[in-house]
$ cat target_29.cif   # mmCIF, C-alpha atoms
data_input
loop_
_atom_site.label_atom_id
_atom_site.label_comp_id
_atom_site.auth_asym_id
_atom_site.auth_seq_id
_atom_site.Cartn_x
_atom_site.Cartn_y
_atom_site.Cartn_z
CA MET A 1 26.88 -135.62 100.54
CA SER A 2 23.15 -136.09 101.23
CA VAL A 3 20.72 -136.32 98.34
CA GLU A 4 17.64 -137.21 100.41
CA LEU A 5 15.86 -133.97 99.52
CA VAL A 6 16.46 -134.24 95.76
CA PRO A 7 13.20 -136.24 95.29
CA LEU A 8 11.39 -133.45 97.16
CA ALA A 9 12.83 -130.95 94.66
CA LEU A 10 11.56 -133.16 91.81
CA LEU A 11 8.10 -133.37 93.40
CA MET A 12 8.07 -129.57 93.76
CA PHE A 13 8.87 -129.41 90.05
CA ALA A 14 6.03 -131.87 89.35
CA VAL A 15 3.44 -129.64 91.04
CA THR A 16 4.85 -126.36 89.70
CA TYR A 17 5.44 -127.23 86.05
CA PRO A 18 1.75 -127.85 85.15
CA SER A 19 0.81 -124.31 86.26
CA ARG A 20 3.54 -122.96 84.03
CA ALA A 21 3.03 -125.25 81.07
CA ILE A 22 -0.64 -126.16 80.66
CA PRO A 23 -1.78 -122.80 79.23
CA LEU A 24 1.33 -122.58 77.03
CA LEU A 25 0.90 -126.08 75.63
CA THR A 26 -2.90 -126.26 75.37
CA PRO A 27 -3.99 -126.04 71.74
CA GLY A 28 -6.59 -123.49 70.72
CA LEU A 29 -5.88 -120.83 73.32
CA GLU A 30 -5.10 -118.32 70.58
CA ARG A 31 -8.65 -118.79 69.26
CA LEU A 32 -10.24 -117.48 72.43
CA PRO A 33 -12.92 -114.77 72.00
CA PRO A 34 -11.60 -111.18 71.90
CA ARG A 35 -13.03 -110.44 75.37
CA ALA A 36 -11.06 -113.35 76.82
CA LEU A 37 -7.89 -112.19 75.09
CA GLN A 38 -8.46 -108.67 76.37
CA TYR A 39 -8.85 -110.11 79.88
CA LEU A 40 -5.54 -111.97 79.54
CA ARG A 41 -3.84 -108.80 78.33
CA LEU A 42 -4.97 -107.03 81.51
CA VAL A 43 -3.64 -109.80 83.77
CA GLY A 44 -0.06 -108.48 83.45
CA PRO A 45 -0.54 -105.01 84.99
CA ALA A 46 -2.97 -106.39 87.59
CA VAL A 47 -0.81 -109.24 88.87
CA LEU A 48 2.44 -107.24 88.82
CA ALA A 49 0.83 -104.38 90.75
CA SER A 50 -0.57 -106.93 93.19
CA ILE A 51 2.84 -108.56 93.74
CA GLY A 52 4.57 -105.18 94.07
CA LEU A 53 2.12 -103.75 96.59
CA VAL A 54 1.95 -106.92 98.69
CA ASN A 55 5.76 -107.18 98.80
CA THR A 56 6.01 -103.53 99.82
CA LEU A 57 3.41 -103.40 102.55
CA ILE A 58 2.80 -106.84 104.04
CA VAL A 59 5.26 -108.63 106.28
CA THR A 60 4.65 -112.25 107.21
CA ALA A 61 6.35 -113.42 110.40
CA ASP A 62 7.83 -116.91 110.86
CA ASP A 63 4.68 -118.00 112.69
CA GLY A 64 2.51 -116.92 109.73
CA THR A 65 1.03 -113.77 111.26
CA ARG A 66 0.75 -110.85 108.88
CA SER A 67 1.23 -107.16 109.54
CA ILE A 68 1.33 -103.97 107.53
CA HIS A 69 4.81 -102.47 107.45
CA VAL A 70 5.43 -98.84 106.56
CA GLY A 71 9.03 -97.68 106.81
CA ILE A 72 12.01 -96.53 104.81
CA GLU A 73 11.43 -99.45 102.42
CA THR A 74 7.96 -98.09 101.61
CA VAL A 75 9.35 -94.62 101.02
CA ALA A 76 12.08 -96.10 98.81
CA VAL A 77 9.58 -98.07 96.73
CA ILE A 78 7.39 -94.98 96.25
CA ILE A 79 10.41 -92.90 95.20
CA GLY A 80 11.61 -95.70 92.91
CA VAL A 81 8.21 -95.90 91.23
CA LEU A 82 8.04 -92.11 90.86
CA VAL A 83 11.47 -92.14 89.20
CA VAL A 84 10.26 -94.88 86.82
CA VAL A 85 7.19 -92.81 85.92
CA TRP A 86 9.23 -89.62 85.55
CA ARG A 87 12.21 -90.96 83.61
CA ARG A 88 10.53 -94.02 82.05
CA ASN A 89 13.59 -95.94 83.20
CA LEU A 90 13.28 -98.96 85.49
CA PHE A 91 16.98 -99.18 86.26
CA LEU A 92 17.11 -95.60 87.55
CA GLY A 93 14.06 -96.26 89.71
CA ILE A 94 15.61 -99.37 91.22
CA LEU A 95 18.90 -97.56 91.76
CA ALA A 96 17.19 -94.66 93.55
CA ALA A 97 15.32 -97.04 95.87
CA VAL A 98 18.38 -99.17 96.65
CA VAL A 99 20.61 -96.14 97.36
CA LEU A 100 18.01 -94.63 99.69
CA VAL A 101 17.54 -97.83 101.71
CA SER A 102 21.22 -98.74 101.89
CA VAL A 103 22.18 -95.21 103.02
CA ALA A 104 19.39 -95.20 105.62
CA ARG A 105 20.55 -98.56 106.99
CA ALA A 106 24.25 -97.71 106.86
CA THR A 107 23.69 -94.50 108.80
CA GLY A 108 21.45 -96.19 111.34
CA LEU A 109 18.34 -94.19 110.33
CA SER A 110 16.54 -97.43 109.61
CA PRO A 111 16.99 -100.90 111.09
CA MET A 112 17.77 -103.98 109.02
CA PRO A 113 14.66 -105.98 108.01
CA MET B 1 -2.10 -95.99 55.89
CA THR B 2 -2.68 -99.54 54.75
CA GLY B 3 -0.82 -101.97 52.53
CA ALA B 4 2.51 -103.77 52.74
CA PRO B 5 5.13 -102.14 54.92
CA SER B 6 7.82 -100.23 53.05
CA ALA B 7 11.54 -100.92 53.31
CA ASP B 8 11.87 -97.81 55.47
CA ALA B 9 9.23 -99.15 57.82
CA GLY B 10 11.17 -102.41 58.08
CA THR B 11 14.34 -100.52 58.93
CA ASP B 12 12.43 -98.50 61.53
CA ASP B 13 11.08 -101.72 63.04
CA ARG B 14 14.59 -103.15 63.23
CA VAL B 15 15.93 -99.98 64.88
CA ASP B 16 12.98 -99.98 67.30
CA LEU B 17 13.64 -103.61 68.13
CA ARG B 18 17.30 -102.94 68.87
CA ALA B 19 16.37 -99.94 71.01
CA ALA B 20 13.79 -102.04 72.87
CA ARG B 21 16.33 -104.80 73.48
CA ARG B 22 18.80 -102.27 74.88
CA ARG B 23 16.03 -100.99 77.14
CA LEU B 24 15.27 -104.54 78.23
CA LEU B 25 18.92 -105.11 79.12
CA LEU B 26 18.92 -101.96 81.23
CA ASP B 27 15.66 -102.96 82.94
CA ALA B 28 17.14 -106.39 83.61
CA LEU B 29 20.27 -105.21 85.46
CA GLY B 30 18.56 -104.42 88.74
CA ILE B 31 16.48 -107.59 88.63
CA MET B 32 19.60 -109.64 87.95
CA ALA B 33 21.26 -108.17 91.05
CA SER B 34 18.14 -108.98 93.06
CA ALA B 35 18.01 -112.58 91.78
CA ALA B 36 21.68 -113.05 92.62
CA GLY B 37 21.30 -111.49 96.07
CA PHE B 38 18.34 -113.58 97.09
CA GLY B 39 19.63 -116.73 95.43
CA PHE B 40 22.61 -116.31 97.74
CA VAL B 41 20.39 -115.88 100.79
CA TYR B 42 18.38 -118.93 99.74
CA GLY B 43 21.56 -121.04 99.45
CA LEU B 44 22.71 -119.82 102.84
CA SER B 45 19.30 -120.51 104.46
CA ALA B 46 19.14 -123.97 102.91
CA ARG B 47 22.57 -124.87 104.28
CA GLU B 48 21.62 -123.56 107.73
CA ALA B 49 18.47 -125.71 107.58
CA GLY B 50 20.59 -128.78 106.91
CA PHE B 51 20.39 -129.06 103.12
CA SER B 52 23.47 -130.34 101.34
CA VAL B 53 24.87 -128.31 98.43
CA ILE B 54 23.34 -130.81 95.98
CA GLU B 55 19.91 -130.61 97.64
CA ALA B 56 19.92 -126.81 97.70
CA GLN B 57 21.00 -126.73 94.06
CA ALA B 58 18.40 -129.32 93.01
CA MET B 59 15.65 -127.07 94.36
CA SER B 60 16.98 -124.10 92.40
CA LEU B 61 17.23 -126.13 89.20
CA PHE B 62 14.05 -128.19 89.37
CA ALA B 63 11.58 -126.14 91.38
CA PHE B 64 13.11 -122.80 90.28
CA ALA B 65 10.58 -120.80 92.26
CA GLY B 66 12.03 -118.44 94.86
CA ALA B 67 9.09 -118.05 97.24
CA ALA B 68 8.33 -121.79 97.24
CA GLN B 69 12.00 -122.60 97.82
CA PHE B 70 12.30 -120.27 100.79
CA ALA B 71 9.08 -121.72 102.18
CA ALA B 72 10.34 -125.28 101.63
CA VAL B 73 13.50 -124.50 103.60
CA GLY B 74 11.36 -123.35 106.51
CA TYR B 75 9.03 -126.35 106.23
CA VAL B 76 11.91 -128.84 106.14
CA ARG B 77 13.51 -127.16 109.13
CA GLU B 78 10.19 -127.41 111.01
CA GLY B 79 9.83 -131.07 110.03
CA LEU B 80 6.64 -130.64 107.97
CA PRO B 81 5.75 -133.84 106.02
CA TRP B 82 6.62 -133.78 102.32
CA LEU B 83 2.95 -133.98 101.34
CA GLY B 84 2.29 -130.70 103.11
CA ILE B 85 5.29 -129.07 101.42
CA ILE B 86 4.13 -130.26 98.00
CA VAL B 87 0.54 -129.04 98.47
CA LEU B 88 1.76 -125.64 99.70
CA THR B 89 4.21 -125.42 96.79
CA PHE B 90 1.33 -125.99 94.37
CA PHE B 91 -0.69 -123.15 95.88
CA LEU B 92 2.31 -120.83 96.14
CA ASN B 93 3.05 -121.31 92.44
CA ALA B 94 -0.54 -121.30 91.14
CA ARG B 95 -0.09 -117.71 89.96
CA HIS B 96 2.08 -119.05 87.14
CA LEU B 97 -1.15 -120.23 85.50
CA LEU B 98 -2.06 -116.58 84.99
CA TYR B 99 1.34 -115.74 83.53
CA ALA B 100 1.28 -118.68 81.15
CA ALA B 101 -2.28 -117.93 80.05
CA ALA B 102 -1.36 -114.31 79.33
CA LEU B 103 1.68 -115.33 77.25
CA ALA B 104 0.07 -118.31 75.51
CA PRO B 105 -1.64 -116.46 72.63
CA LEU B 106 1.65 -114.75 71.75
CA MET B 107 3.85 -117.84 72.00
CA ARG B 108 1.50 -120.06 70.01
CA PRO B 109 3.57 -119.85 66.77
CA ARG B 110 6.66 -121.24 68.50
CA PRO B 111 7.47 -124.98 68.45
CA THR B 112 5.98 -127.10 71.23
CA ALA B 113 9.41 -128.11 72.56
CA GLU B 114 10.47 -124.48 72.84
CA ARG B 115 7.27 -123.57 74.68
CA ALA B 116 7.76 -126.56 76.99
CA VAL B 117 11.23 -125.33 77.96
CA ALA B 118 10.04 -121.72 78.19
CA ALA B 119 7.34 -122.86 80.64
CA HIS B 120 9.85 -124.15 83.18
CA LEU B 121 11.60 -120.78 83.16
CA LEU B 122 8.43 -118.76 83.69
CA THR B 123 8.85 -116.75 86.89
CA ASP B 124 7.61 -113.43 88.24
CA GLU B 125 10.70 -111.76 86.81
CA SER B 126 10.72 -113.40 83.38
CA PHE B 127 6.99 -112.77 82.93
CA ALA B 128 7.32 -109.14 83.95
CA LEU B 129 10.29 -108.47 81.67
CA ALA B 130 8.82 -110.40 78.72
CA THR B 131 5.36 -108.82 78.76
CA THR B 132 6.84 -105.33 79.05
CA HIS B 133 9.25 -106.05 76.20
CA PHE B 134 6.57 -107.60 73.95
CA ASN B 135 4.31 -104.63 74.59
CA ARG B 136 7.14 -102.26 73.72
CA VAL B 137 8.01 -103.94 70.42
CA ARG B 138 4.36 -104.89 69.71
CA ARG B 139 5.34 -108.41 68.73
CA LEU B 140 6.69 -111.66 70.10
CA ASP B 141 10.46 -111.50 70.46
CA MET B 142 11.74 -114.73 71.99
CA TRP B 143 15.22 -113.23 72.36
CA GLY B 144 13.68 -110.96 74.98
CA TYR B 145 12.00 -113.87 76.74
CA TRP B 146 15.18 -115.95 76.93
CA LEU B 147 17.17 -112.97 78.16
CA GLY B 148 14.79 -112.43 81.08
CA ALA B 149 14.36 -116.12 81.82
CA VAL B 150 17.92 -117.42 81.45
CA ALA B 151 20.46 -114.59 81.72
CA VAL B 152 18.57 -112.49 84.27
CA THR B 153 16.98 -115.18 86.44
CA LEU B 154 18.04 -118.81 85.92
CA ILE B 155 21.82 -118.33 85.80
CA PRO B 156 22.19 -115.71 88.57
CA TRP B 157 19.75 -117.59 90.82
CA ASN B 158 21.58 -120.89 90.44
CA LEU B 159 25.10 -119.49 90.65
CA ALA B 160 24.14 -117.51 93.72
CA THR B 161 22.48 -120.57 95.29
CA PHE B 162 25.74 -122.42 94.85
CA ALA B 163 27.76 -119.53 96.26
CA GLY B 164 25.42 -119.15 99.24
CA SER B 165 25.46 -122.84 100.09
CA VAL B 166 29.25 -123.13 99.70
CA LEU B 167 30.46 -119.83 101.12
CA GLY B 168 27.90 -119.67 103.90
CA GLY B 169 27.90 -116.61 106.13
CA ARG B 170 31.24 -115.28 104.97
CA ILE B 171 29.52 -112.71 102.76
CA VAL B 172 27.35 -109.84 103.99
CA ASP B 173 23.54 -110.15 103.86
CA PRO B 174 22.31 -108.51 100.60
CA ALA B 175 19.67 -106.61 102.59
CA THR B 176 22.57 -104.47 103.87
CA PHE B 177 22.81 -103.09 100.33
CA GLY B 178 19.06 -102.49 100.10
CA LEU B 179 18.49 -105.28 97.57
CA ASP B 180 15.22 -106.25 99.29
CA VAL B 181 13.47 -103.26 97.69
CA VAL B 182 14.54 -104.22 94.16
CA PHE B 183 11.79 -106.80 93.68
CA PRO B 184 8.78 -104.60 94.59
CA VAL B 185 10.14 -101.62 92.64
CA ALA B 186 10.79 -103.87 89.63
CA MET B 187 7.32 -105.40 89.72
CA LEU B 188 5.56 -102.02 90.10
CA GLY B 189 7.83 -100.37 87.54
CA LEU B 190 7.17 -103.11 85.00
CA ALA B 191 3.43 -102.88 85.70
CA ILE B 192 3.68 -99.18 84.83
CA GLY B 193 5.41 -100.15 81.58
CA LEU B 194 2.36 -102.21 80.63
CA ILE B 195 -0.08 -99.34 81.09
CA GLN B 196 -1.06 -98.06 77.67
CA GLY B 197 -4.60 -96.89 78.35
CA ARG B 198 -7.14 -96.35 81.08
CA ARG B 199 -8.17 -100.00 81.19
CA GLU B 200 -4.64 -101.16 82.04
CA LEU B 201 -4.41 -98.37 84.61
CA ILE B 202 -7.65 -99.50 86.28
CA ALA B 203 -6.54 -103.16 86.11
CA ALA B 204 -3.27 -102.25 87.85
CA PHE B 205 -4.95 -100.16 90.56
CA ALA B 206 -7.73 -102.68 91.17
CA GLY B 207 -5.32 -105.63 91.08
CA GLY B 208 -2.93 -103.92 93.48
CA ILE B 209 -5.57 -102.81 95.99
CA LEU B 210 -7.53 -106.07 95.92
CA GLY B 211 -4.35 -108.12 96.06
CA PHE B 212 -3.15 -106.14 99.07
CA ALA B 213 -6.50 -106.33 100.91
CA ILE B 214 -6.98 -110.06 100.30
CA SER B 215 -3.34 -110.82 101.12
CA TRP B 216 -3.69 -109.04 104.42
CA ALA B 217 -6.93 -110.87 105.24
CA VAL B 218 -6.16 -114.35 103.93
CA GLY B 219 -2.51 -114.58 102.91
CA PRO B 220 -0.23 -113.44 100.07
CA GLN B 221 -0.38 -116.67 98.07
CA ILE B 222 -4.16 -116.25 97.66
CA GLY B 223 -4.19 -112.46 97.60
CA ILE B 224 -1.70 -112.07 94.74
CA VAL B 225 -3.61 -114.52 92.53
CA ALA B 226 -6.93 -112.89 93.46
CA GLY B 227 -5.54 -109.46 92.55
CA GLY B 228 -4.39 -110.79 89.18
CA LEU B 229 -7.76 -112.42 88.53
CA LEU B 230 -10.07 -109.67 89.76
CA GLY B 231 -8.17 -106.58 88.58
CA PRO B 232 -8.85 -107.27 84.88
CA LEU B 233 -12.54 -107.93 85.62
CA VAL B 234 -12.87 -104.53 87.30
CA ALA B 235 -11.10 -102.88 84.36
CA MET B 236 -13.34 -104.60 81.81
CA ALA B 237 -16.47 -103.61 83.72
CA ALA B 238 -15.44 -99.95 83.82
CA PRO B 239 -17.33 -97.74 81.35
CA ILE B 240 -14.48 -96.41 79.21
CA ASN B 241 -14.51 -95.01 75.70
CA GLU B 242 -11.07 -95.53 74.27
CA PRO B 243 -9.91 -95.44 70.66
CA PRO B 244 -10.44 -98.91 69.20
CA ASP B 245 -6.73 -99.60 68.64
CA ILE B 246 -5.98 -99.23 72.36
CA ASP B 247 -8.41 -102.00 73.25
CA GLU B 248 -7.31 -104.38 70.54
CA PRO B 249 -5.86 -107.46 72.18
CA LEU B 250 -2.15 -108.13 71.71
CA VAL B 251 -2.60 -111.39 69.81
CA ALA B 252 -0.16 -113.38 67.79
CA PRO B 253 -1.70 -112.99 64.29
CA ARG B 254 -1.04 -109.23 64.26
CA PHE B 255 2.64 -109.52 65.05
CA GLU B 256 5.40 -111.31 63.31
CA THR B 257 7.59 -113.74 65.19
CA LEU B 258 11.25 -112.80 65.16
CA GLU B 259 14.12 -115.22 65.31
CA PRO B 260 16.65 -114.67 68.05
CA GLY B 261 19.56 -112.41 67.17
CA PRO B 262 19.94 -108.80 66.07
#
$ encode --input "target_29.cif" --output "structure tokens"
Amino acid sequence: MSVELVPLALLMFAVTYPSRAIPLLTPGLERLPPRALQYLRLVGPAVLASIGLVNTLIVTADDGTRSIHVGIETVAVIIGVLVVVWRRNLFLGILAAVVLVSVARATGLSPMP
Amino acid sequence: MTGAPSADAGTDDRVDLRAARRRLLLDALGIMASAAGFGFVYGLSAREAGFSVIEAQAMSLFAFAGAAQFAAVGYVREGLPWLGIIVLTFFLNARHLLYAAALAPLMRPRPTAERAVAAHLLTDESFALATTHFNRVRRLDMWGYWLGAVAVTLIPWNLATFAGSVLGGRIVDPATFGLDVVFPVAMLGLAIGLIQGRRELIAAFAGGILGFAISWAVGPQIGIVAGGLLGPLVAMAAPINEPPDIDEPLVAPRFETLEPGP
């Protein structure tokens, strides 16, 4: 069985781990000024909203071209988020979105991605 | 009220912690299904691109970064030189710097070795679950971090990679079951869980809109990081009068560190 690509996996680890570890292992980060700590606290909602919105609306083709996609998936994400806001329950929100999309695809109302 | 917490308060904290952990488990179920579904698709794609089972599994264990792994499969299939793959992997995963920086002040009391291991397991999913959980319990709770990082992400992702690369196309595409919408709903839902005041709300809106606009113009790997960097700046620049306790940073000295276990 080929193991030729295992070194590539290790090199991918070598360039990924520093991003994950340097802030966690750098001494003195807890002594940052309050404004800097407040900034870091706001990173969570900002980056998660950014990831969520980009994953909902932007489709990147194999050739790298990007397009805005609005379809049943968008509707499902909006409904899922509304359920999360309403019930304060992430699982119910995910369930609502998944059921909507799978039913739409199973009944042919929406094509597969 | 000031002074040392009473025994009742300690009991309340313990009950709250248990309730928060139950909530975390519930939040984690959908994300676990998503990790398993797409780990399977990754394993299948890797095999179709000519990876052996060991090579596909090595990527899931060592790189442990879904987007970069999917991209690497495509790059290998297209014959891109390794240097190009490595540089692109670095940029795809640069957003982890933000996650680690946001968690660093809270994790500071933990031993270096534990933080070093925790770093390798820091993903979109584990960050999202951990920050929401820490905000809910108002303290560092490593049990919550390990649950999101290991039980919800690492194990399902790796088992599913193995299944996908061994079983191949004998199992239906998870998109048939609508699992492709789990990730965006989970990320947006967990962002909502972090909103405790107007500043977080503005950070989420600004981060989302800027991230979307820049992703569309330049590309998602830059846009997502830009949204995470610029959203908080917009929120901090906004003229808001909030009660002081809302704007107090969630820093380690205010919150006790709990050992794993109930």
$ resolve_selection --input "target_29.cif" --expression "the PyMOL selection byres ((chain A and resi 99-111) around 6)" --output "PDB file with C-alpha atoms, in the coordinates of the input"
ATOM      1  CA  ALA A  96      17.190 -94.660  93.550  1.00  0.00           C
ATOM      2  CA  ALA A  97      15.320 -97.040  95.870  1.00  0.00           C
ATOM      3  CA  VAL A  98      18.380 -99.170  96.650  1.00  0.00           C
ATOM      4  CA  MET A 112      17.770-103.980 109.020  1.00  0.00           C
TER       5      MET A 112
ATOM      6  CA  PHE B 177      22.810-103.090 100.330  1.00  0.00           C
ATOM      7  CA  GLY B 178      19.060-102.490 100.100  1.00  0.00           C
TER       8      GLY B 178
END
$ residues_near_point --input "target_29.cif" --point "(3.8, -109.5, 94.0)" --cutoff "9 Å" --atoms "all atoms listed in the file" --output "list of chain:residue names"
A:Val47, A:Leu48, A:Ala49, A:Ser50, A:Ile51, A:Gly52, A:Leu53, A:Val54, A:Asn55, A:Thr56, B:Asp124, B:Phe183, B:Pro184, B:Met187, B:Leu188, B:Gly208, B:Gly211, B:Pro220, B:Ile224
$ closest_residue --input "target_29.cif" --among "A:Leu90, A:Asp62, A:Leu32, A:Ile72" --to "chain B" --atoms "only C-alpha atoms"
A:Leu90
$ resolve_selection --input "target_29.cif" --expression "the PyMOL selection byres ((chain A and resi 15) around 9)" --output "PyMOL selection string"
(chain A and resi 10-14+16-19) or (chain B and resi 63+86-87+89-90+93)
$ residues_around --input "target_29.cif" --residues "range 45-50 of chain B" --least-positions-apart "3" --cutoff "10 Å" --atoms "all atoms listed in the file" --output "ChimeraX atom specification"
/A:2 /B:39-42,53,55-57,59,69-70,72-78,161,164-169
$ residues_around --input "target_29.cif" --residues "range 26-37 of chain B" --least-positions-apart "4" --cutoff "7 Å" --atoms "only C-alpha atoms" --output "PyMOL selection string"
(chain A and resi 90-91+94) or (chain B and resi 22+41+148+152-153+156-157+160+174+179+182-183+186)
$ write_last_selection --input "target_29.cif" --atoms "C-alpha atoms" --output "compact mmCIF listing (two decimals), keeping the file's coordinate frame"
# COMPACT_ATOMS: atom_id res chain seq x y z
CA LEU A 90 13.28 -98.96 85.49
CA PHE A 91 16.98 -99.18 86.26
CA ILE A 94 15.61 -99.37 91.22
CA ARG B 22 18.80 -102.27 74.88
CA VAL B 41 20.39 -115.88 100.79
CA GLY B 148 14.79 -112.43 81.08
CA VAL B 152 18.57 -112.49 84.27
CA THR B 153 16.98 -115.18 86.44
CA PRO B 156 22.19 -115.71 88.57
CA TRP B 157 19.75 -117.59 90.82
CA ALA B 160 24.14 -117.51 93.72
CA PRO B 174 22.31 -108.51 100.60
CA LEU B 179 18.49 -105.28 97.57
CA VAL B 182 14.54 -104.22 94.16
CA PHE B 183 11.79 -106.80 93.68
CA ALA B 186 10.79 -103.87 89.63
$ atom_distance --input "target_29.cif" --atom1 "CA of Val234 in chain B" --atom2 "CA of Tyr145 in chain B"
28.6 Å
$ atom_distance --input "target_29.cif" --atom1 "CA of Ile78 in chain A" --atom2 "CA of Val185 in chain B"
8.0 Å
$ atom_distance --input "target_29.cif" --atom1 "CA of Leu210 in chain B" --atom2 "CA of Leu122 in chain B"
23.8 Å
$ resolve_selection --input "target_29.cif" --expression "the PyMOL selection byres ((chain A and resi 3) around 10)" --output "compact mmCIF listing (two decimals) with C-alpha atoms, in the frame of the given file"
# COMPACT_ATOMS: atom_id res chain seq x y z
CA MET A 1 26.88 -135.62 100.54
CA SER A 2 23.15 -136.09 101.23
CA GLU A 4 17.64 -137.21 100.41
CA LEU A 5 15.86 -133.97 99.52
CA VAL A 6 16.46 -134.24 95.76
CA PRO A 7 13.20 -136.24 95.29
CA LEU A 8 11.39 -133.45 97.16
CA PHE B 51 20.39 -129.06 103.12
CA SER B 52 23.47 -130.34 101.34
CA VAL B 53 24.87 -128.31 98.43
CA ILE B 54 23.34 -130.81 95.98
CA GLU B 55 19.91 -130.61 97.64
CA ALA B 56 19.92 -126.81 97.70
CA ALA B 58 18.40 -129.32 93.01
$ closest_residue --input "target_29.cif" --among "B:Ala94, B:Phe134, B:Trp146, B:Leu140" --to "Arg110 in chain B" --atoms "all atoms listed in the file"
B:Leu140
$ residues_around --input "target_29.cif" --residues "range 205-207 of chain B" --least-positions-apart "6" --cutoff "12 Å" --atoms "only C-alpha atoms" --output "JSON, numbers by chain"
{"A": [42, 43, 44, 45, 46, 47, 48, 49, 50, 51, 52, 53, 54], "B": [188, 191, 192, 195, 198, 199, 213, 214, 215, 223, 224, 225, 226, 227, 228, 229, 230, 231, 232, 233, 234, 235, 236, 237, 238]}
$ closest_residue --input "target_29.cif" --among "A:Gln38, A:Thr60, A:Thr74, A:Thr65" --to "chain B" --atoms "all atoms listed in the file"
A:Gln38
$ residues_around --input "target_29.cif" --residues "Val85 in chain A" --least-positions-apart "6" --cutoff "9 Å" --atoms "only C-alpha atoms" --output "number ranges by chain"
A: 93; B: 189, 192-193
$ closest_residue --input "target_29.cif" --among "B:Glu200, B:Leu159, B:Trp143, B:Gly43" --to "chain A" --atoms "all atoms listed in the file"
B:Glu200
$ residues_around --input "target_29.cif" --residues "Thr123 in chain B" --least-positions-apart "4" --cutoff "8 Å" --atoms "all atoms listed in the file" --output "list in words"
Ala65, His96, Phe127 and Ala149 of chain B
$ closest_residue --input "target_29.cif" --among "B:Glu125, B:Arg115, B:Ile240, B:Ala217" --to "Ile22 in chain A" --atoms "only C-alpha atoms"
B:Arg115
$ closest_residue --input "target_29.cif" --among "B:Gly79, B:Gly219, B:Gly144, B:Gly66" --to "chain A" --atoms "all atoms listed in the file"
B:Gly219
$ decode --input "target_29.cif" --residues "range 72-76 of chain A" --atoms "all heavy atoms" --output "PDB file, in the first residue's frame"
ATOM      1  N   ILE A  72     -32.726  26.172  -1.976  1.00  0.00           N
ATOM      2  CA  ILE A  72     -33.376  25.548  -0.818  1.00  0.00           C
ATOM      3  C   ILE A  72     -32.421  25.488   0.383  1.00  0.00           C
ATOM      4  O   ILE A  72     -32.847  25.578   1.534  1.00  0.00           O
ATOM      5  CB  ILE A  72     -33.913  24.133  -1.188  1.00  0.00           C
ATOM      6  CG1 ILE A  72     -34.817  23.587  -0.083  1.00  0.00           C
ATOM      7  CG2 ILE A  72     -32.776  23.148  -1.442  1.00  0.00           C
ATOM      8  CD1 ILE A  72     -36.142  24.266   0.013  1.00  0.00           C
ATOM      9  N   GLU A  73     -31.111  25.376   0.088  1.00  0.00           N
ATOM     10  CA  GLU A  73     -30.125  25.335   1.170  1.00  0.00           C
ATOM     11  C   GLU A  73     -30.141  26.655   1.948  1.00  0.00           C
ATOM     12  O   GLU A  73     -30.034  26.658   3.179  1.00  0.00           O
ATOM     13  CB  GLU A  73     -28.717  25.080   0.620  1.00  0.00           C
ATOM     14  CG  GLU A  73     -28.552  23.739  -0.093  1.00  0.00           C
ATOM     15  CD  GLU A  73     -29.003  23.769  -1.544  1.00  0.00           C
ATOM     16  OE1 GLU A  73     -29.351  24.865  -2.042  1.00  0.00           O
ATOM     17  OE2 GLU A  73     -29.025  22.704  -2.186  1.00  0.00           O
ATOM     18  N   THR A  74     -30.271  27.765   1.209  1.00  0.00           N
ATOM     19  CA  THR A  74     -30.311  29.080   1.869  1.00  0.00           C
ATOM     20  C   THR A  74     -31.550  29.185   2.759  1.00  0.00           C
ATOM     21  O   THR A  74     -31.469  29.650   3.904  1.00  0.00           O
ATOM     22  CB  THR A  74     -30.358  30.202   0.793  1.00  0.00           C
ATOM     23  OG1 THR A  74     -29.499  29.836  -0.272  1.00  0.00           O
ATOM     24  CG2 THR A  74     -29.951  31.530   1.380  1.00  0.00           C
ATOM     25  N   VAL A  75     -32.673  28.757   2.190  1.00  0.00           N
ATOM     26  CA  VAL A  75     -33.929  28.796   2.964  1.00  0.00           C
ATOM     27  C   VAL A  75     -33.784  27.924   4.212  1.00  0.00           C
ATOM     28  O   VAL A  75     -34.182  28.319   5.318  1.00  0.00           O
ATOM     29  CB  VAL A  75     -35.110  28.300   2.095  1.00  0.00           C
ATOM     30  CG1 VAL A  75     -36.391  28.205   2.921  1.00  0.00           C
ATOM     31  CG2 VAL A  75     -35.305  29.208   0.892  1.00  0.00           C
ATOM     32  N   ALA A  76     -33.172  26.753   4.045  1.00  0.00           N
ATOM     33  CA  ALA A  76     -33.014  25.832   5.181  1.00  0.00           C
ATOM     34  C   ALA A  76     -32.120  26.439   6.252  1.00  0.00           C
ATOM     35  O   ALA A  76     -32.402  26.315   7.458  1.00  0.00           O
ATOM     36  CB  ALA A  76     -32.428  24.505   4.691  1.00  0.00           C
TER      37      ALA A  76
END
